[in-house]
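With PDB, C-alpha atoms inside, this is input.pdb:
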```pdb
ATOM      1  CA  GLY A   1       8.008  25.044  -6.059
ATOM      2  CA  GLY A   2       5.819  21.959  -6.006
ATOM      3  CA  GLY A   3       7.672  19.977  -8.678
ATOM      4  CA  GLU A   4       7.624  16.183  -8.659
ATOM      5  CA  ALA A   5      11.207  15.910  -7.358
ATOM      6  CA  GLU A   6      10.283  18.044  -4.345
ATOM      7  CA  ARG A   7       7.547  15.550  -3.430
ATOM      8  CA  ILE A   8      10.028  12.675  -3.083
ATOM      9  CA  VAL A   9      10.357  12.052   0.652
ATOM     10  CA  CYS A  10      12.971   9.286   0.475
ATOM     11  CA  GLN A  11      14.381   6.728  -1.924
ATOM     12  CA  ASP A  12      16.270   3.447  -1.741
ATOM     13  CA  LYS A  13      17.624   2.454  -5.166
ATOM     14  CA  ASP A  14      18.464  -1.163  -4.254
ATOM     15  CA  GLU A  15      17.166  -3.436  -7.058
ATOM     16  CA  ARG A  16      15.677  -6.066  -4.704
ATOM     17  CA  GLU A  17      14.577  -4.055  -1.653
ATOM     18  CA  GLY A  18      14.346  -0.513  -3.028
ATOM     19  CA  PHE A  19      11.437   1.893  -3.169
ATOM     20  CA  MET A  20      10.517   5.543  -3.562
ATOM     21  CA  LEU A  21       8.318   7.304  -1.000
ATOM     22  CA  ALA A  22       6.533  10.385  -2.343
ATOM     23  CA  ALA A  23       4.055  12.807  -0.842
ATOM     24  CA  ASP A  24       0.665  12.409  -2.495
ATOM     25  CA  LEU A  25      -0.598  15.435  -4.428
ATOM     26  CA  LYS A  26      -3.544  15.612  -2.004
ATOM     27  CA  TRP A  27      -1.130  16.612   0.800
ATOM     28  CA  ASP A  28       0.347  20.134   1.118
ATOM     29  CA  MET A  29       3.436  18.650   2.889
ATOM     30  CA  SER A  30       2.946  20.886   5.914
ATOM     31  CA  THR A  31      -0.363  20.011   7.623
ATOM     32  CA  LYS A  32       0.697  16.997   9.711
ATOM     33  CA  GLU A  33      -2.850  15.645  10.189
ATOM     34  CA  ASN A  34      -3.263  15.401   6.404
ATOM     35  CA  MET A  35      -0.006  13.480   5.803
ATOM     36  CA  TYR A  36      -0.505  11.033   2.942
ATOM     37  CA  CYS A  37       2.394   9.392   1.092
ATOM     38  CA  LEU A  38       2.792   6.461  -1.294
ATOM     39  CA  ALA A  39       5.778   4.125  -1.480
ATOM     40  CA  MET A  40       6.388   2.443  -4.847
ATOM     41  CA  VAL A  41       8.639  -0.619  -4.872
ATOM     42  CA  GLN A  42      11.536  -0.774  -7.345
ATOM     43  CA  ARG A  43      10.553  -4.250  -8.507
ATOM     44  CA  ARG A  44       8.270  -4.025 -11.532
ATOM     45  CA  GLU A  45       7.211  -7.687 -11.376
ATOM     46  CA  LEU A  46       5.258  -7.066  -8.153
ATOM     47  CA  TYR A  47       1.737  -5.920  -8.956
ATOM     48  CA  SER A  48      -0.274  -6.441  -5.756
ATOM     49  CA  VAL A  49      -0.209  -8.305  -2.427
ATOM     50  CA  ARG A  50      -1.062 -11.444  -4.428
ATOM     51  CA  ASP A  51       2.558 -11.478  -5.671
ATOM     52  CA  LEU A  52       4.147 -11.378  -2.198
ATOM     53  CA  ASN A  53       5.757 -14.310  -0.389
ATOM     54  CA  ALA A  54       8.449 -14.886   2.259
ATOM     55  CA  SER A  55      11.216 -13.847  -0.152
ATOM     56  CA  HIS A  56       9.751 -10.317  -0.090
ATOM     57  CA  LEU A  57       9.780  -9.901   3.703
ATOM     58  CA  PRO A  58      13.196  -8.144   3.775
ATOM     59  CA  MET A  59      11.927  -5.657   1.163
ATOM     60  CA  LEU A  60       8.686  -4.993   3.092
ATOM     61  CA  ARG A  61      10.499  -4.537   6.415
ATOM     62  CA  ASN A  62      13.160  -2.295   4.826
ATOM     63  CA  LEU A  63      10.502  -0.140   3.177
ATOM     64  CA  GLN A  64       8.362   0.128   6.309
ATOM     65  CA  GLU A  65      11.257   0.998   8.641
ATOM     66  CA  LYS A  66      12.931   3.523   6.346
ATOM     67  CA  CYS A  67       9.658   5.238   5.437
ATOM     68  CA  LEU A  68       8.441   5.503   9.035
ATOM     69  CA  ASP A  69      11.848   6.769  10.201
ATOM     70  CA  THR A  70      12.001   9.366   7.412
ATOM     71  CA  ILE A  71       8.442  10.597   8.024
ATOM     72  CA  LYS A  72       9.352  11.068  11.711
ATOM     73  CA  GLU A  73      12.616  12.893  10.844
ATOM     74  CA  LYS A  74      11.208  15.153   8.107
ATOM     75  CA  PHE A  75       7.697  15.846   9.379
ATOM     76  CA  GLY A  76       7.797  15.035  13.113
ATOM     77  CA  ILE A  77       5.042  12.414  12.899
ATOM     78  CA  PRO A  78       5.693   9.357  15.110
ATOM     79  CA  ARG A  79       4.978   5.854  13.793
ATOM     80  CA  SER A  80       2.191   5.453  16.355
ATOM     81  CA  LEU A  81       0.186   8.053  14.355
ATOM     82  CA  ILE A  82       0.764   6.506  10.908
ATOM     83  CA  ARG A  83      -1.347   3.889   9.141
ATOM     84  CA  VAL A  84       0.596   1.717   6.711
ATOM     85  CA  TYR A  85      -1.533  -0.313   4.313
ATOM     86  CA  PHE A  86      -2.131  -1.783   0.860
ATOM     87  CA  HIS A  87      -5.303  -1.445  -1.190
ATOM     88  CA  TYR A  88      -6.819  -4.615  -2.590
ATOM     89  CA  GLN A  89      -7.764  -4.380  -5.344
ATOM     90  CA  PRO A  90      -5.221  -1.616  -6.007
ATOM     91  CA  ALA A  91      -5.978   1.409  -8.179
ATOM     92  CA  TYR A  92      -2.998   0.458 -10.379
ATOM     93  CA  TYR A  93      -0.868  -2.669 -10.618
ATOM     94  CA  HIS A  94       2.609  -1.647  -9.477
ATOM     95  CA  LEU A  95       2.998  -2.664  -5.835
ATOM     96  CA  HIS A  96       2.634   0.408  -3.647
ATOM     97  CA  ILE A  97       2.008   1.053   0.034
ATOM     98  CA  HIS A  98       0.008   3.884   1.617
ATOM     99  CA  PHE A  99       1.308   5.894   4.585
ATOM    100  CA  ALA A 100      -1.380   8.135   6.113
ATOM    101  CA  HIS A 101      -1.809  10.076   9.348
ATOM    102  CA  LEU A 102      -4.380   8.456  11.643
ATOM    103  CA  ARG A 103      -6.468  11.636  11.565
ATOM    104  CA  TYR A 104      -6.465  11.900   7.755
ATOM    105  CA  ALA A 105     -10.019  10.812   6.859
ATOM    106  CA  VAL A 106      -9.461  10.733   3.074
ATOM    107  CA  GLY A 107      -6.562   8.311   3.542
ATOM    108  CA  ALA A 108      -8.426   6.118   6.027
ATOM    109  CA  PRO A 109      -8.299   2.451   5.103
ATOM    110  CA  VAL A 110     -11.699   0.948   4.344
ATOM    111  CA  ILE A 111     -12.699  -2.582   5.347
ATOM    112  CA  GLY A 112     -13.015  -4.649   2.193
ATOM    113  CA  LYS A 113     -10.482  -2.458   0.408
ATOM    114  CA  SER A 114      -7.380  -2.253   2.633
ATOM    115  CA  LEU A 115      -4.837  -4.596   4.213
ATOM    116  CA  ALA A 116      -2.576  -3.372   7.029
ATOM    117  CA  MET A 117       1.146  -3.785   6.311
ATOM    118  CA  SER A 118       1.639  -5.428   9.728
ATOM    119  CA  ASP A 119      -1.057  -8.018   8.905
ATOM    120  CA  VAL A 120       0.457  -8.690   5.473
ATOM    121  CA  ILE A 121       3.900  -9.303   7.022
ATOM    122  CA  GLN A 122       2.460 -11.529   9.758
ATOM    123  CA  ASN A 123       0.356 -13.562   7.303
ATOM    124  CA  ILE A 124       3.383 -14.176   5.070
ATOM    125  CA  GLU A 125       5.424 -15.202   8.138
ATOM    126  CA  LEU A 126       2.708 -17.762   8.945
ATOM    127  CA  SER A 127       2.576 -19.057   5.370
ATOM    128  CA  SER A 128       4.899 -17.911   2.589
ATOM    129  CA  GLU A 129       2.204 -18.404  -0.060
ATOM    130  CA  TYR A 130      -0.610 -16.881   2.038
ATOM    131  CA  TYR A 131      -1.617 -14.267  -0.557
ATOM    132  CA  LYS A 132      -1.497 -16.751  -3.434
ATOM    133  CA  LYS A 133      -4.032 -18.969  -1.613
ATOM    134  CA  ALA A 134      -6.153 -16.679   0.570
ATOM    135  CA  THR A 135      -9.664 -15.635  -0.330
ATOM    136  CA  LEU A 136      -9.623 -11.848  -0.173
ATOM    137  CA  ILE A 137     -13.022 -10.206  -0.090
ATOM    138  CA  TYR A 138     -13.187  -6.724  -1.531
ATOM    139  CA  TYR A 139     -15.905  -4.277  -2.426
ATOM    140  CA  ILE A 140     -16.372  -2.516  -5.749
ATOM    141  CA  LYS A 141     -19.089  -0.168  -6.922
ATOM    142  CA  ASP A 142     -21.837  -1.235  -9.290
ATOM    143  CA  GLY A 143     -20.992  -0.052 -12.773
ATOM    144  CA  HIS A 144     -17.231  -0.463 -12.241
ATOM    145  CA  ALA A 145     -15.624  -2.298 -15.182
ATOM    146  CA  LEU A 146     -14.531  -5.180 -12.900
ATOM    147  CA  SER A 147     -18.023  -5.395 -11.368
ATOM    148  CA  ASN A 148     -19.583  -5.607 -14.830
ATOM    149  CA  GLU A 149     -17.151  -8.343 -15.907
ATOM    150  CA  LEU A 150     -17.680 -10.401 -12.733
ATOM    151  CA  ASP A 151     -21.442  -9.945 -13.041
ATOM    152  CA  ARG A 152     -21.314 -11.258 -16.611
ATOM    153  CA  HIS A 153     -19.843 -14.489 -15.209
ATOM    154  CA  GLY A 154     -22.292 -14.720 -12.294
ATOM    155  CA  LEU A 155     -19.603 -13.981  -9.690
ATOM    156  CA  VAL A 156     -21.056 -10.892  -7.999
ATOM    157  CA  VAL A 157     -22.724 -11.424  -4.601
ATOM    158  CA  ARG A 158     -25.518  -8.984  -3.802
ATOM    159  CA  GLU A 159     -27.351  -9.043  -0.483
TER     160      GLU A 159
END
```
Final structure tokens representation of the file:
Amino acid sequence: GGGEAERIVCQDKDEREGFMLAADLKWDMSTKENMYCLAMVQRRELYSVRDLNASHLPMLRNLQEKCLDTIKEKFGIPRSLIRVYFHYQPAYYHLHIHFAHLRYAVGAPVIGKSLAMSDVIQNIELSSEYYKKATLIYYIKDGHALSNELDRHGLVVRE
């Protein structure tokens, strides 16, 4: 056991609204409090929240509803105990969404690194181009390649 296919929790193969939800390798798939899954969207042209606008709301809602329903059905974890969020900046640039149990400390969103799915949806409802225009503050460690590049251009704020 433990193959990649076994870690797929659910999948929607629709070209516009589809996704694949998989259990993260950090989770044993049985300890509820450690539940941690990632949903990858089908659409390859979406890299981060910066690419999202009102045209993507059906995809985001579809993904959120189907993933939360499936996690409840398969693992018995109600939506009220699940955090749904994006990282910004993401670890890799293929739009993906984190689903983590509220009690899972490793999967806890960090201020300056995470954006709640509900906030992302609401912000896009308020302004379709919100994430194209918004200033998003995020934290990176000294010595990180991006930190070094920003520092070279005088764009790093240190207090």
Apply the PyMOL selection byres ((chain A and resi 65) around 12) to the file shown and report the selected residues as number ranges by chain. A: 10, 12, 17, 19, 21, 39, 58-64, 66-72, 78-79, 84, 99, 117-118
Find the residues near Ala54 in chain A: any atom within 8 Å, counting all atoms listed in the file, skip ones fewer than 5 places away on the same chain, and give them as a list in words.
->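 In the requested form, the answer reads Ile124, Glu125, Ser127, Ser128 and Glu129 of chain A.
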- Can you list what the PyMOL selection byres ((chain A and resi 15) around 12) grabs from this structure, as number ranges by chain? A: 11-14, 16-20, 41-45, 59
- Item | Chain and number of each residue from the PyMOL selection byres ((chain A and resi 32) around 10), as a list in words |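 Going through the file, the PyMOL selection byres ((chain A and resi 32) around 10) ends up selecting Trp27, Asp28, Met29, Ser30, Thr31, Glu33, Asn34, Met35, Tyr36, Phe75, Gly76, Ile77, Ala100, His101, Arg103 and Tyr104 of chain A.
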> Can you tell me how far CA of Glu149 in chain A sits from CA of Leu46 in chain A, in Å to one decimal?
Replying inline: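 Spanning CA of Glu149 in chain A to CA of Leu46 in chain A is a straight-line distance of 23.7 Å.
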